[in-house]
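Have a look at structure.pdb; it's PDB, C-alpha atoms and all ligand atoms:
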```
ATOM      1  CA  MET E   2     105.987 106.323  76.175  1.00  0.00           C
ATOM      2  CA  GLY E   3     102.257 105.703  75.847  1.00  0.00           C
ATOM      3  CA  LYS E   4      99.975 104.535  78.566  1.00  0.00           C
ATOM      4  CA  ILE E   5     101.576 101.718  80.548  1.00  0.00           C
ATOM      5  CA  VAL E   6      99.686  98.449  80.637  1.00  0.00           C
ATOM      6  CA  TRP E   7     100.506  95.714  83.151  1.00  0.00           C
ATOM      7  CA  ASN E   8     101.258  92.345  81.570  1.00  0.00           C
ATOM      8  CA  GLU E   9     102.692  88.989  82.643  1.00  0.00           C
ATOM      9  CA  THR E  10     106.292  90.046  81.976  1.00  0.00           C
ATOM     10  CA  LEU E  11     105.800  92.322  84.997  1.00  0.00           C
ATOM     11  CA  SER E  12     104.573  89.574  87.306  1.00  0.00           C
ATOM     12  CA  VAL E  13     106.691  88.927  90.377  1.00  0.00           C
ATOM     13  CA  GLY E  14     104.606  85.844  91.228  1.00  0.00           C
ATOM     14  CA  ILE E  15     103.231  87.355  94.437  1.00  0.00           C
ATOM     15  CA  ALA E  16      99.561  88.316  94.049  1.00  0.00           C
ATOM     16  CA  LEU E  17      99.643  91.084  96.652  1.00  0.00           C
ATOM     17  CA  ILE E  18     102.600  92.786  94.985  1.00  0.00           C
ATOM     18  CA  ASP E  19     101.286  92.319  91.453  1.00  0.00           C
ATOM     19  CA  GLU E  20      97.992  93.954  92.468  1.00  0.00           C
ATOM     20  CA  GLN E  21      99.882  96.865  94.013  1.00  0.00           C
ATOM     21  CA  HIS E  22     101.940  97.299  90.851  1.00  0.00           C
ATOM     22  CA  LYS E  23      98.715  97.456  88.820  1.00  0.00           C
ATOM     23  CA  THR E  24      97.394 100.189  91.094  1.00  0.00           C
ATOM     24  CA  TRP E  25     100.709 102.052  90.909  1.00  0.00           C
ATOM     25  CA  ILE E  26     100.507 101.944  87.093  1.00  0.00           C
ATOM     26  CA  GLU E  27      96.906 103.243  87.192  1.00  0.00           C
ATOM     27  CA  ARG E  28      98.025 106.151  89.323  1.00  0.00           C
ATOM     28  CA  LEU E  29     100.939 106.960  87.051  1.00  0.00           C
ATOM     29  CA  ASN E  30      98.642 106.794  84.012  1.00  0.00           C
ATOM     30  CA  ALA E  31      96.173 109.140  85.745  1.00  0.00           C
ATOM     31  CA  LEU E  32      98.956 111.631  86.457  1.00  0.00           C
ATOM     32  CA  ALA E  33     100.229 111.394  82.873  1.00  0.00           C
ATOM     33  CA  ALA E  34      96.692 111.946  81.551  1.00  0.00           C
ATOM     34  CA  ALA E  35      96.274 115.026  83.752  1.00  0.00           C
ATOM     35  CA  ILE E  36      99.563 116.502  82.589  1.00  0.00           C
ATOM     36  CA  ASN E  37      99.186 115.595  78.928  1.00  0.00           C
ATOM     37  CA  THR E  38      95.702 117.081  78.648  1.00  0.00           C
ATOM     38  CA  ASN E  39      96.775 120.267  80.439  1.00  0.00           C
ATOM     39  CA  ALA E  40      94.299 119.564  83.200  1.00  0.00           C
ATOM     40  CA  ALA E  41      93.826 122.156  85.914  1.00  0.00           C
ATOM     41  CA  GLN E  42      96.730 122.603  88.272  1.00  0.00           C
ATOM     42  CA  ALA E  43      94.619 121.211  91.120  1.00  0.00           C
ATOM     43  CA  GLN E  44      94.060 117.966  89.273  1.00  0.00           C
ATOM     44  CA  VAL E  45      97.739 117.541  88.507  1.00  0.00           C
ATOM     45  CA  ALA E  46      98.481 118.231  92.172  1.00  0.00           C
ATOM     46  CA  GLU E  47      95.930 115.652  93.248  1.00  0.00           C
ATOM     47  CA  THR E  48      97.066 112.877  90.901  1.00  0.00           C
ATOM     48  CA  LEU E  49     100.706 113.578  91.777  1.00  0.00           C
ATOM     49  CA  GLY E  50      99.810 113.399  95.465  1.00  0.00           C
ATOM     50  CA  PHE E  51      98.012 110.063  94.949  1.00  0.00           C
ATOM     51  CA  LEU E  52     101.043 108.617  93.171  1.00  0.00           C
ATOM     52  CA  VAL E  53     103.449 109.757  95.881  1.00  0.00           C
ATOM     53  CA  GLU E  54     101.200 108.384  98.610  1.00  0.00           C
ATOM     54  CA  TYR E  55     100.760 105.018  96.902  1.00  0.00           C
ATOM     55  CA  THR E  56     104.477 104.751  96.217  1.00  0.00           C
ATOM     56  CA  GLY E  57     105.171 105.086  99.935  1.00  0.00           C
ATOM     57  CA  PHE E  58     102.513 102.505 100.778  1.00  0.00           C
ATOM     58  CA  HIS E  59     103.717 100.020  98.163  1.00  0.00           C
ATOM     59  CA  PHE E  60     107.389 100.366  98.997  1.00  0.00           C
ATOM     60  CA  SER E  61     106.730  99.852 102.674  1.00  0.00           C
ATOM     61  CA  SER E  62     104.624  96.721 101.949  1.00  0.00           C
ATOM     62  CA  GLU E  63     107.498  95.234  99.965  1.00  0.00           C
ATOM     63  CA  GLN E  64     110.012  96.241 102.604  1.00  0.00           C
ATOM     64  CA  LYS E  65     107.960  94.659 105.396  1.00  0.00           C
ATOM     65  CA  ALA E  66     107.672  91.418 103.421  1.00  0.00           C
ATOM     66  CA  MET E  67     111.416  91.395 102.745  1.00  0.00           C
ATOM     67  CA  GLN E  68     112.284  92.076 106.378  1.00  0.00           C
ATOM     68  CA  ALA E  69     109.792  89.515 107.666  1.00  0.00           C
ATOM     69  CA  HIS E  70     111.561  86.805 105.660  1.00  0.00           C
ATOM     70  CA  ASN E  71     115.166  87.953 106.148  1.00  0.00           C
ATOM     71  CA  TYR E  72     115.615  88.621 102.464  1.00  0.00           C
ATOM     72  CA  PRO E  73     119.360  89.016 101.802  1.00  0.00           C
ATOM     73  CA  GLY E  74     118.786  91.631  99.079  1.00  0.00           C
ATOM     74  CA  TYR E  75     116.876  93.929 101.419  1.00  0.00           C
ATOM     75  CA  ALA E  76     119.450  96.706 101.884  1.00  0.00           C
ATOM     76  CA  GLU E  77     120.077  97.073  98.169  1.00  0.00           C
ATOM     77  CA  HIS E  78     116.372  97.035  97.383  1.00  0.00           C
ATOM     78  CA  LEU E  79     115.631  99.596 100.097  1.00  0.00           C
ATOM     79  CA  GLN E  80     118.250 101.910  98.634  1.00  0.00           C
ATOM     80  CA  LYS E  81     116.507 101.817  95.248  1.00  0.00           C
ATOM     81  CA  HIS E  82     113.148 102.634  96.859  1.00  0.00           C
ATOM     82  CA  GLU E  83     114.680 105.508  98.801  1.00  0.00           C
ATOM     83  CA  ALA E  84     116.271 106.882  95.625  1.00  0.00           C
ATOM     84  CA  LEU E  85     112.942 106.919  93.800  1.00  0.00           C
ATOM     85  CA  LYS E  86     111.191 108.511  96.768  1.00  0.00           C
ATOM     86  CA  ALA E  87     113.828 111.255  96.729  1.00  0.00           C
ATOM     87  CA  THR E  88     113.268 111.768  92.991  1.00  0.00           C
ATOM     88  CA  LEU E  89     109.501 112.000  93.538  1.00  0.00           C
ATOM     89  CA  ALA E  90     110.015 114.513  96.339  1.00  0.00           C
ATOM     90  CA  GLU E  91     112.073 116.627  93.912  1.00  0.00           C
ATOM     91  CA  LEU E  92     109.314 116.430  91.306  1.00  0.00           C
ATOM     92  CA  VAL E  93     106.749 117.553  93.863  1.00  0.00           C
ATOM     93  CA  LYS E  94     108.956 120.450  94.908  1.00  0.00           C
ATOM     94  CA  ASP E  95     109.494 121.495  91.277  1.00  0.00           C
ATOM     95  CA  PHE E  96     105.759 121.242  90.637  1.00  0.00           C
ATOM     96  CA  GLU E  97     104.959 123.374  93.673  1.00  0.00           C
ATOM     97  CA  GLU E  98     107.445 125.994  92.539  1.00  0.00           C
ATOM     98  CA  GLU E  99     106.966 125.990  88.777  1.00  0.00           C
ATOM     99  CA  GLY E 100     103.785 124.087  87.939  1.00  0.00           C
ATOM    100  CA  ALA E 101     103.491 121.390  85.281  1.00  0.00           C
ATOM    101  CA  THR E 102     106.625 122.162  83.287  1.00  0.00           C
ATOM    102  CA  GLN E 103     107.998 120.228  80.330  1.00  0.00           C
ATOM    103  CA  SER E 104     110.533 118.601  82.602  1.00  0.00           C
ATOM    104  CA  LEU E 105     107.774 117.309  84.877  1.00  0.00           C
ATOM    105  CA  ALA E 106     105.942 116.016  81.785  1.00  0.00           C
ATOM    106  CA  ASN E 107     109.096 114.252  80.620  1.00  0.00           C
ATOM    107  CA  ALA E 108     109.669 112.681  84.018  1.00  0.00           C
ATOM    108  CA  VAL E 109     106.090 111.439  84.146  1.00  0.00           C
ATOM    109  CA  ASN E 110     105.828 110.330  80.521  1.00  0.00           C
ATOM    110  CA  THR E 111     109.178 108.600  80.296  1.00  0.00           C
ATOM    111  CA  PHE E 112     111.316 108.342  83.399  1.00  0.00           C
ATOM    112  CA  LEU E 113     108.787 107.013  85.941  1.00  0.00           C
ATOM    113  CA  GLY E 114     107.344 104.329  83.686  1.00  0.00           C
ATOM    114  CA  ASN E 115     110.787 103.179  82.602  1.00  0.00           C
ATOM    115  CA  TRP E 116     111.950 103.173  86.203  1.00  0.00           C
ATOM    116  CA  LEU E 117     108.991 101.045  87.279  1.00  0.00           C
ATOM    117  CA  ILE E 118     109.350  98.477  84.525  1.00  0.00           C
ATOM    118  CA  LYS E 119     113.089  98.152  85.098  1.00  0.00           C
ATOM    119  CA  HIS E 120     112.667  98.013  88.872  1.00  0.00           C
ATOM    120  CA  ILE E 121     109.991  95.313  88.691  1.00  0.00           C
ATOM    121  CA  GLN E 122     111.915  93.196  86.197  1.00  0.00           C
ATOM    122  CA  GLN E 123     115.350  93.559  87.756  1.00  0.00           C
ATOM    123  CA  VAL E 124     114.714  94.079  91.452  1.00  0.00           C
ATOM    124  CA  ASP E 125     111.186  93.056  92.515  1.00  0.00           C
ATOM    125  CA  GLN E 126     111.311  89.836  90.478  1.00  0.00           C
ATOM    126  CA  LYS E 127     114.474  88.809  92.373  1.00  0.00           C
ATOM    127  CA  PHE E 128     112.484  88.984  95.579  1.00  0.00           C
ATOM    128  CA  GLY E 129     109.708  87.006  93.851  1.00  0.00           C
ATOM    129  CA  ALA E 130     112.227  84.294  92.956  1.00  0.00           C
ATOM    130  CA  PHE E 131     113.454  84.185  96.562  1.00  0.00           C
ATOM    131  CA  VAL E 132     109.890  83.827  97.828  1.00  0.00           C
ATOM    132  CA  ARG E 133     109.201  80.967  95.411  1.00  0.00           C
ATOM    133  CA  GLU E 134     112.439  79.222  96.191  1.00  0.00           C
ATOM    134  CA  LYS E 135     111.756  79.332  99.926  1.00  0.00           C
ATOM    135  CA  GLY E 136     108.073  78.431  99.555  1.00  0.00           C
ATOM    136  CA  ILE E 137     107.063  81.566 101.452  1.00  0.00           C
ATOM    137  CA  VAL E 138     103.455  82.751 101.388  1.00  0.00           C
ATOM    138  CA  ILE E 139     103.039  86.523 101.386  1.00  0.00           C
ATOM    139  CA  ALA E 140      99.641  87.615 102.606  1.00  0.00           C
ATOM    140  CA  GLY E 141      98.194  90.793 103.837  1.00  0.00           C
ATOM    141  CA  GLN E 142      97.369  94.413 103.607  1.00  0.00           C
ATOM    142  CA  GLY E 143      95.785  94.664 100.117  1.00  0.00           C
TER     143      GLY E 143
HETATM  144 FE    FE T 201     107.405  97.015  93.592  1.00  0.00          FE
HETATM  145 FE    FE T 202     110.586  97.250  94.926  1.00  0.00          FE
END
```
Same coordinates, now as structure tokens:
Amino acid sequence: MGKIVWNETLSVGIALIDEQHKTWIERLNALAAAINTNAAQAQVAETLGFLVEYTGFHFSSEQKAMQAHNYPGYAEHLQKHEALKATLAELVKDFEEEGATQSLANAVNTFLGNWLIKHIQQVDQKFGAFVREKGIVIAGQG
């Protein structure tokens, strides 16, 4: 997969969440660029760290919004976030032990981008539809 570019098919209709998804994509692209150009280990570590940190921040923003509005799909959505966080933790562990291997490159170049697109279109957009249907306004923490 090439560089991921956010487009309207990825919109969930909630500005706060769309902006966070754009930032998430930027961070994934930065990590992919570091790995694919064989950047120094420290730079891969840093971009990987930024992605992990932002993933935690973004997931918890979505989770807070879902909980605040008693979203019925919360438990299922949470489980998907937790699964990706566990996968990222594995990638970090592998990176710390073995460096930027081909399997890390594959995960970054293919798996993470595919996961994000599928998650936004199949899971986040369901929450977006719920928010629209209920006329809820989601504001807050940029
Ligand atoms: Fe999301
Ligand atoms: Fe999500």
Compute the set of protein, DNA and RNA residues whose minimum atom distance to ligand FE 202 (chain T) is at most 7 Å, using only C-alpha atoms and all ligand atoms, and state it as a list in words.
-> Phe60, Glu63, His78, His82, His120, Ile121, Val124 and Asp125 of chain E
Please produce a file of those selected residues containing C-alpha atoms, as a PDB file, in the frame of the given file.
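Generated output (selection.pdb):
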```pdb
ATOM      1  CA  PHE E  60     107.389 100.366  98.997  1.00  0.00           C
ATOM      2  CA  GLU E  63     107.498  95.234  99.965  1.00  0.00           C
ATOM      3  CA  HIS E  78     116.372  97.035  97.383  1.00  0.00           C
ATOM      4  CA  HIS E  82     113.148 102.634  96.859  1.00  0.00           C
ATOM      5  CA  HIS E 120     112.667  98.013  88.872  1.00  0.00           C
ATOM      6  CA  ILE E 121     109.991  95.313  88.691  1.00  0.00           C
ATOM      7  CA  VAL E 124     114.714  94.079  91.452  1.00  0.00           C
ATOM      8  CA  ASP E 125     111.186  93.056  92.515  1.00  0.00           C
TER       9      ASP E 125
END
```
Which centre and which edge lengths, in Å to one decimal, describe the axis-aligned box that holds all listed atoms of stretch 5-15 of chain E after 8 Å is added on each side, as JSON?
```
{"center_x": 103.2, "center_y": 93.8, "center_z": 87.5, "size_x": 23.0, "size_y": 31.9, "size_z": 29.9}
```
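Relative to atom CA of E:Gln42, atom CA of E:Glu97 is found at 9.9 Å.
Atom CA of E:Thr38 to atom CA of E:Ala101 spans 11.1 Å [interatomic distance, one decimal].
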Determine the residue membership of the PyMOL selection byres (((not hetatm)) within 10 of (chain T and resi 201)) for the file above and supply it as a ChimeraX atom specification.
-> /E:11,13,18-23,25,56,59-64,78,82,117-118,120-122,124-126,128
Fix up stretch 42-56 of chain E with N, CA, C and O atoms, then write it as a compact mmCIF listing (two decimals), in the frame of the given file.
```txt
# COMPACT_ATOMS: atom_id res chain seq x y z
N GLN E 42 95.63 122.78 87.33
CA GLN E 42 96.73 122.60 88.27
C GLN E 42 96.32 121.73 89.47
O GLN E 42 97.07 120.87 89.92
N ALA E 43 95.08 121.95 89.94
CA ALA E 43 94.62 121.21 91.12
C ALA E 43 94.53 119.72 90.84
O ALA E 43 94.78 118.89 91.70
N GLN E 44 94.18 119.39 89.60
CA GLN E 44 94.06 117.97 89.27
C GLN E 44 95.43 117.31 89.13
O GLN E 44 95.62 116.15 89.51
N VAL E 45 96.37 118.06 88.59
CA VAL E 45 97.74 117.54 88.51
C VAL E 45 98.27 117.34 89.93
O VAL E 45 98.84 116.30 90.25
N ALA E 46 98.02 118.32 90.78
CA ALA E 46 98.48 118.23 92.17
C ALA E 46 97.88 117.00 92.84
O ALA E 46 98.57 116.26 93.55
N GLU E 47 96.59 116.77 92.60
CA GLU E 47 95.93 115.65 93.25
C GLU E 47 96.46 114.31 92.75
O GLU E 47 96.78 113.42 93.54
N THR E 48 96.60 114.16 91.44
CA THR E 48 97.07 112.88 90.90
C THR E 48 98.53 112.64 91.29
O THR E 48 98.93 111.51 91.56
N LEU E 49 99.30 113.71 91.34
CA LEU E 49 100.71 113.58 91.78
C LEU E 49 100.75 113.15 93.25
O LEU E 49 101.51 112.25 93.63
N GLY E 50 99.89 113.76 94.04
CA GLY E 50 99.81 113.40 95.46
C GLY E 50 99.42 111.94 95.66
O GLY E 50 99.99 111.23 96.48
N PHE E 51 98.45 111.47 94.85
CA PHE E 51 98.01 110.06 94.95
C PHE E 51 99.16 109.12 94.60
O PHE E 51 99.35 108.08 95.22
N LEU E 52 99.92 109.48 93.58
CA LEU E 52 101.04 108.62 93.17
C LEU E 52 102.11 108.55 94.27
O LEU E 52 102.60 107.48 94.60
N VAL E 53 102.42 109.71 94.83
CA VAL E 53 103.45 109.76 95.88
C VAL E 53 102.99 108.93 97.09
O VAL E 53 103.76 108.12 97.63
N GLU E 54 101.74 109.11 97.46
CA GLU E 54 101.20 108.38 98.61
C GLU E 54 101.23 106.87 98.37
O GLU E 54 101.66 106.09 99.22
N TYR E 55 100.81 106.46 97.17
CA TYR E 55 100.76 105.02 96.90
C TYR E 55 102.16 104.43 96.80
O TYR E 55 102.40 103.27 97.18
N THR E 56 103.09 105.22 96.31
CA THR E 56 104.48 104.75 96.22
C THR E 56 105.01 104.43 97.62
O THR E 56 105.61 103.38 97.84
```
